[in-house]
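Participant: My structure is below; once you've seen it, I'll send some questions.
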Amino acid sequence: MTIMTGPHSNHRRIALKALAMTSLLMVYPSMFVYGQNPNANPSSEDSRQVTVMAIRAIKGTGPIDPKLATVAKQLAQIMPDHRFELIDGKTKRLDPKQAMVVKSVENSVLTVELKSPSNDEGKVEMLIRLTMDGGEPFESVVKTPANQLFFLDRKINDSNRLLIAVGAR
């Protein structure tokens with residue numbers, strides 16, 4: 001991913017964030033509307049509605065998974081010259097220290113845990129844990145503003161990568 005600098009870089013970052021949230025809303029609208037999600041609980045201030053997507057990025061050109069059509073442009077910006085396939089996507093209301101497991105690449109387990117619904121900076125903290133057979137576990141704490149999609153990129157093999165998209169409301 002290219003880091004932009006100069007007088008217009010902030011405008012581009014804002015535009016990319018807006019595109020990310022618009023795309024997330026189109027793919028998982030229940031993340032943003034309490035009435036559409038049975039896991040939603042608007043009265044719990046300590047919980048967050050967390051959305052995670054496991055996306056396979058395959059080097060080369062080809063058809064894109066129709067389930068990712070609304071985020072295709074954004075994914076192409078993140079990883080040009082790749083095609084994308086949705087492995088799994090879930091939205092679930094989590095309390096602190098609660099986690100959900102998402103289907104990922106073969107022989108792996110992807111877990112997302114809500115560490116803090118709002119840290120001292122007002123950001124949501126989530127622990128992303130990916131364990132793969134025969135490999136060292138990968139863990140990363142994501143600190144992101146609410147309603148913003150965040151991507152993590154992990155190498156699967158020479159031609160495939162795993163994009164983990166997480167966001168919380």
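Residue names in the structure tokens use chain letters A, B, ... in the order shown, residue numbers from 1 in each chain, and ligand numbers from 1 in the order shown.
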Can you pull out the residues contacting segment 77-94 of chain A? Cut-off 6 Å, using only C-alpha atoms, and skip same-chain residues under 3 positions away; I want them as a list in words.
Facilitator: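 That gives Met1, Asn39, Ala40, Ser47, Arg48, Gln49, Val50, Thr51, Val52, Met53, Ala54, Ile55, Arg56, Ala57, Ile58, Lys59, Gly60, Thr61, Gly62, Ile64, Asp65, Gln74, Gln98 and Lys103 of chain A.
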Participant: Using N, CA and C atoms, can you write the selected residues to a file as a PDB file, in the first residue's frame?
Facilitator:
ATOM      1  N   MET A   1       0.846  -1.170   0.000  1.00  0.00           N
ATOM      2  CA  MET A   1       0.000   0.000   0.000  1.00  0.00           C
ATOM      3  C   MET A   1       0.890   1.231   0.000  1.00  0.00           C
ATOM      4  N   ASN A  39     -28.183  -9.985  17.121  1.00  0.00           N
ATOM      5  CA  ASN A  39     -27.136  -9.906  18.138  1.00  0.00           C
ATOM      6  C   ASN A  39     -26.970  -8.494  18.676  1.00  0.00           C
ATOM      7  N   ALA A  40     -27.644  -7.529  18.072  1.00  0.00           N
ATOM      8  CA  ALA A  40     -27.466  -6.135  18.477  1.00  0.00           C
ATOM      9  C   ALA A  40     -28.148  -5.888  19.820  1.00  0.00           C
ATOM     10  N   SER A  47     -20.295  -3.033  24.971  1.00  0.00           N
ATOM     11  CA  SER A  47     -20.166  -3.969  23.860  1.00  0.00           C
ATOM     12  C   SER A  47     -20.038  -3.218  22.536  1.00  0.00           C
ATOM     13  N   ARG A  48     -19.618  -3.934  21.521  1.00  0.00           N
ATOM     14  CA  ARG A  48     -19.517  -3.390  20.165  1.00  0.00           C
ATOM     15  C   ARG A  48     -20.011  -4.442  19.189  1.00  0.00           C
ATOM     16  N   GLN A  49     -20.600  -3.978  18.124  1.00  0.00           N
ATOM     17  CA  GLN A  49     -20.993  -4.857  17.041  1.00  0.00           C
ATOM     18  C   GLN A  49     -19.790  -4.948  16.111  1.00  0.00           C
ATOM     19  N   VAL A  50     -19.179  -6.112  16.048  1.00  0.00           N
ATOM     20  CA  VAL A  50     -17.924  -6.317  15.317  1.00  0.00           C
ATOM     21  C   VAL A  50     -18.216  -7.075  14.027  1.00  0.00           C
ATOM     22  N   THR A  51     -17.613  -6.598  12.938  1.00  0.00           N
ATOM     23  CA  THR A  51     -17.703  -7.284  11.653  1.00  0.00           C
ATOM     24  C   THR A  51     -16.305  -7.678  11.226  1.00  0.00           C
ATOM     25  N   VAL A  52     -16.181  -8.899  10.743  1.00  0.00           N
ATOM     26  CA  VAL A  52     -14.897  -9.383  10.235  1.00  0.00           C
ATOM     27  C   VAL A  52     -15.136 -10.134   8.927  1.00  0.00           C
ATOM     28  N   MET A  53     -14.219  -9.950   7.997  1.00  0.00           N
ATOM     29  CA  MET A  53     -14.256 -10.671   6.727  1.00  0.00           C
ATOM     30  C   MET A  53     -12.880 -11.273   6.481  1.00  0.00           C
ATOM     31  N   ALA A  54     -12.849 -12.540   6.093  1.00  0.00           N
ATOM     32  CA  ALA A  54     -11.627 -13.208   5.661  1.00  0.00           C
ATOM     33  C   ALA A  54     -11.692 -13.270   4.136  1.00  0.00           C
ATOM     34  N   ILE A  55     -10.706 -12.663   3.491  1.00  0.00           N
ATOM     35  CA  ILE A  55     -10.709 -12.543   2.033  1.00  0.00           C
ATOM     36  C   ILE A  55      -9.409 -13.113   1.484  1.00  0.00           C
ATOM     37  N   ARG A  56      -9.523 -14.036   0.530  1.00  0.00           N
ATOM     38  CA  ARG A  56      -8.344 -14.582  -0.127  1.00  0.00           C
ATOM     39  C   ARG A  56      -7.985 -13.660  -1.300  1.00  0.00           C
ATOM     40  N   ALA A  57      -6.734 -13.201  -1.328  1.00  0.00           N
ATOM     41  CA  ALA A  57      -6.220 -12.399  -2.442  1.00  0.00           C
ATOM     42  C   ALA A  57      -5.301 -13.306  -3.251  1.00  0.00           C
ATOM     43  N   ILE A  58      -5.638 -13.501  -4.508  1.00  0.00           N
ATOM     44  CA  ILE A  58      -4.918 -14.422  -5.377  1.00  0.00           C
ATOM     45  C   ILE A  58      -4.187 -13.615  -6.437  1.00  0.00           C
ATOM     46  N   LYS A  59      -2.882 -13.814  -6.524  1.00  0.00           N
ATOM     47  CA  LYS A  59      -2.078 -13.063  -7.475  1.00  0.00           C
ATOM     48  C   LYS A  59      -2.532 -13.367  -8.904  1.00  0.00           C
ATOM     49  N   GLY A  60      -2.690 -12.309  -9.694  1.00  0.00           N
ATOM     50  CA  GLY A  60      -3.115 -12.453 -11.075  1.00  0.00           C
ATOM     51  C   GLY A  60      -4.502 -11.889 -11.305  1.00  0.00           C
ATOM     52  N   THR A  61      -4.895 -11.872 -12.536  1.00  0.00           N
ATOM     53  CA  THR A  61      -6.203 -11.340 -12.889  1.00  0.00           C
ATOM     54  C   THR A  61      -7.214 -12.469 -12.983  1.00  0.00           C
ATOM     55  N   GLY A  62      -8.466 -12.105 -12.937  1.00  0.00           N
ATOM     56  CA  GLY A  62      -9.528 -13.091 -13.037  1.00  0.00           C
ATOM     57  C   GLY A  62     -10.801 -12.534 -12.459  1.00  0.00           C
ATOM     58  N   ILE A  64     -13.818 -11.639  -9.966  1.00  0.00           N
ATOM     59  CA  ILE A  64     -13.900 -11.340  -8.534  1.00  0.00           C
ATOM     60  C   ILE A  64     -15.133 -12.023  -7.972  1.00  0.00           C
ATOM     61  N   ASP A  65     -15.046 -12.437  -6.742  1.00  0.00           N
ATOM     62  CA  ASP A  65     -16.185 -13.048  -6.062  1.00  0.00           C
ATOM     63  C   ASP A  65     -17.342 -12.056  -6.078  1.00  0.00           C
ATOM     64  N   GLN A  74     -12.027  -0.871  -3.768  1.00  0.00           N
ATOM     65  CA  GLN A  74     -11.169  -0.653  -2.606  1.00  0.00           C
ATOM     66  C   GLN A  74     -10.107  -1.744  -2.506  1.00  0.00           C
ATOM     67  N   GLN A  98     -14.860 -11.105  24.883  1.00  0.00           N
ATOM     68  CA  GLN A  98     -15.572 -12.094  24.075  1.00  0.00           C
ATOM     69  C   GLN A  98     -14.927 -12.139  22.705  1.00  0.00           C
ATOM     70  N   LYS A 103     -14.288 -18.547   9.703  1.00  0.00           N
ATOM     71  CA  LYS A 103     -13.660 -19.477   8.770  1.00  0.00           C
ATOM     72  C   LYS A 103     -12.581 -18.724   7.997  1.00  0.00           C
TER      73      LYS A 103
END
Participant: Enumerate the residues of segment 38-116 of chain A with a DSSP assignment of alpha helix (DSSP H), computed from the backbone, and present them as a list of chain:residue names.
Facilitator: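 For segment 38-116 of chain A, the alpha helix (DSSP H) set is A:Ala72, A:Lys73, A:Gln74, A:Leu75, A:Ala76, A:Gln77, A:Ile78.
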Participant: Check the smallest atom-to-atom distance from each of A:Pro145, A:Leu75, A:Lys155, A:Val166 to Glu121 of chain A using only C-alpha atoms, then report the winner.
Facilitator: A:Pro145
Participant: Based on the backbone DSSP call, show me all residues of segment 127-160 of chain A assigned strand (DSSP E), as a PyMOL selection string.
Facilitator: chain A and resi 127-132+138-144+150-155+160
Participant: Restrict the selected residues to N, CA and C atoms and save them as a compact mmCIF listing (two decimals), in the first residue's frame.
Facilitator:
# COMPACT_ATOMS: atom_id res chain seq x y z
N LEU A 127 -8.31 -7.81 19.28
CA LEU A 127 -7.18 -8.71 19.12
C LEU A 127 -7.50 -9.65 17.97
N ILE A 128 -6.64 -9.67 16.98
CA ILE A 128 -6.78 -10.57 15.83
C ILE A 128 -5.77 -11.69 16.03
N ARG A 129 -6.24 -12.92 15.99
CA ARG A 129 -5.35 -14.06 16.20
C ARG A 129 -5.56 -15.04 15.05
N LEU A 130 -4.49 -15.37 14.35
CA LEU A 130 -4.53 -16.33 13.25
C LEU A 130 -3.53 -17.43 13.56
N THR A 131 -4.04 -18.64 13.72
CA THR A 131 -3.16 -19.78 13.95
C THR A 131 -3.27 -20.70 12.74
N MET A 132 -2.12 -21.10 12.24
CA MET A 132 -2.05 -21.99 11.09
C MET A 132 -1.25 -23.22 11.48
N PHE A 138 -0.04 -15.80 14.61
CA PHE A 138 0.05 -14.37 14.35
C PHE A 138 -0.99 -13.69 15.23
N GLU A 139 -0.55 -12.65 15.94
CA GLU A 139 -1.47 -11.85 16.74
C GLU A 139 -1.20 -10.39 16.49
N SER A 140 -2.27 -9.61 16.43
CA SER A 140 -2.15 -8.17 16.26
C SER A 140 -3.30 -7.49 16.97
N VAL A 141 -2.99 -6.42 17.69
CA VAL A 141 -4.04 -5.63 18.32
C VAL A 141 -4.33 -4.46 17.37
N VAL A 142 -5.57 -4.40 16.92
CA VAL A 142 -6.03 -3.34 16.03
C VAL A 142 -6.69 -2.27 16.88
N LYS A 143 -6.25 -1.05 16.74
CA LYS A 143 -6.86 0.10 17.41
C LYS A 143 -7.39 1.00 16.32
N THR A 144 -8.70 1.10 16.23
CA THR A 144 -9.32 1.84 15.14
C THR A 144 -10.54 2.61 15.63
N PHE A 150 -10.70 -1.77 8.84
CA PHE A 150 -9.25 -1.88 8.93
C PHE A 150 -8.84 -3.20 8.29
N PHE A 151 -7.76 -3.19 7.49
CA PHE A 151 -7.30 -4.39 6.81
C PHE A 151 -5.95 -4.85 7.35
N LEU A 152 -5.83 -6.16 7.53
CA LEU A 152 -4.56 -6.81 7.85
C LEU A 152 -4.24 -7.76 6.70
N ASP A 153 -2.97 -7.90 6.37
CA ASP A 153 -2.54 -8.70 5.24
C ASP A 153 -1.56 -9.76 5.72
N ARG A 154 -1.83 -11.03 5.42
CA ARG A 154 -0.94 -12.13 5.80
C ARG A 154 -0.65 -12.99 4.58
N LYS A 155 0.59 -13.40 4.44
CA LYS A 155 1.00 -14.27 3.33
C LYS A 155 0.55 -15.69 3.61
N ASN A 160 -0.85 -16.52 -2.92
CA ASN A 160 -2.07 -16.16 -2.19
C ASN A 160 -1.76 -15.40 -0.91
Participant: Go through A:Met100, A:Ala72, A:Ile156, A:Ala146 one by one, measure the shortest atom-to-atom distance of each to Ser116 of chain A using only C-alpha atoms, and give the residue with the smallest value.
Facilitator: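 Under the stated criterion, the closest residue is A:Ala146.
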Participant: Distance atom CA of Asn119 of chain A-atom CA of Leu162 of chain A, one decimal place?
Facilitator: 27.5 Å
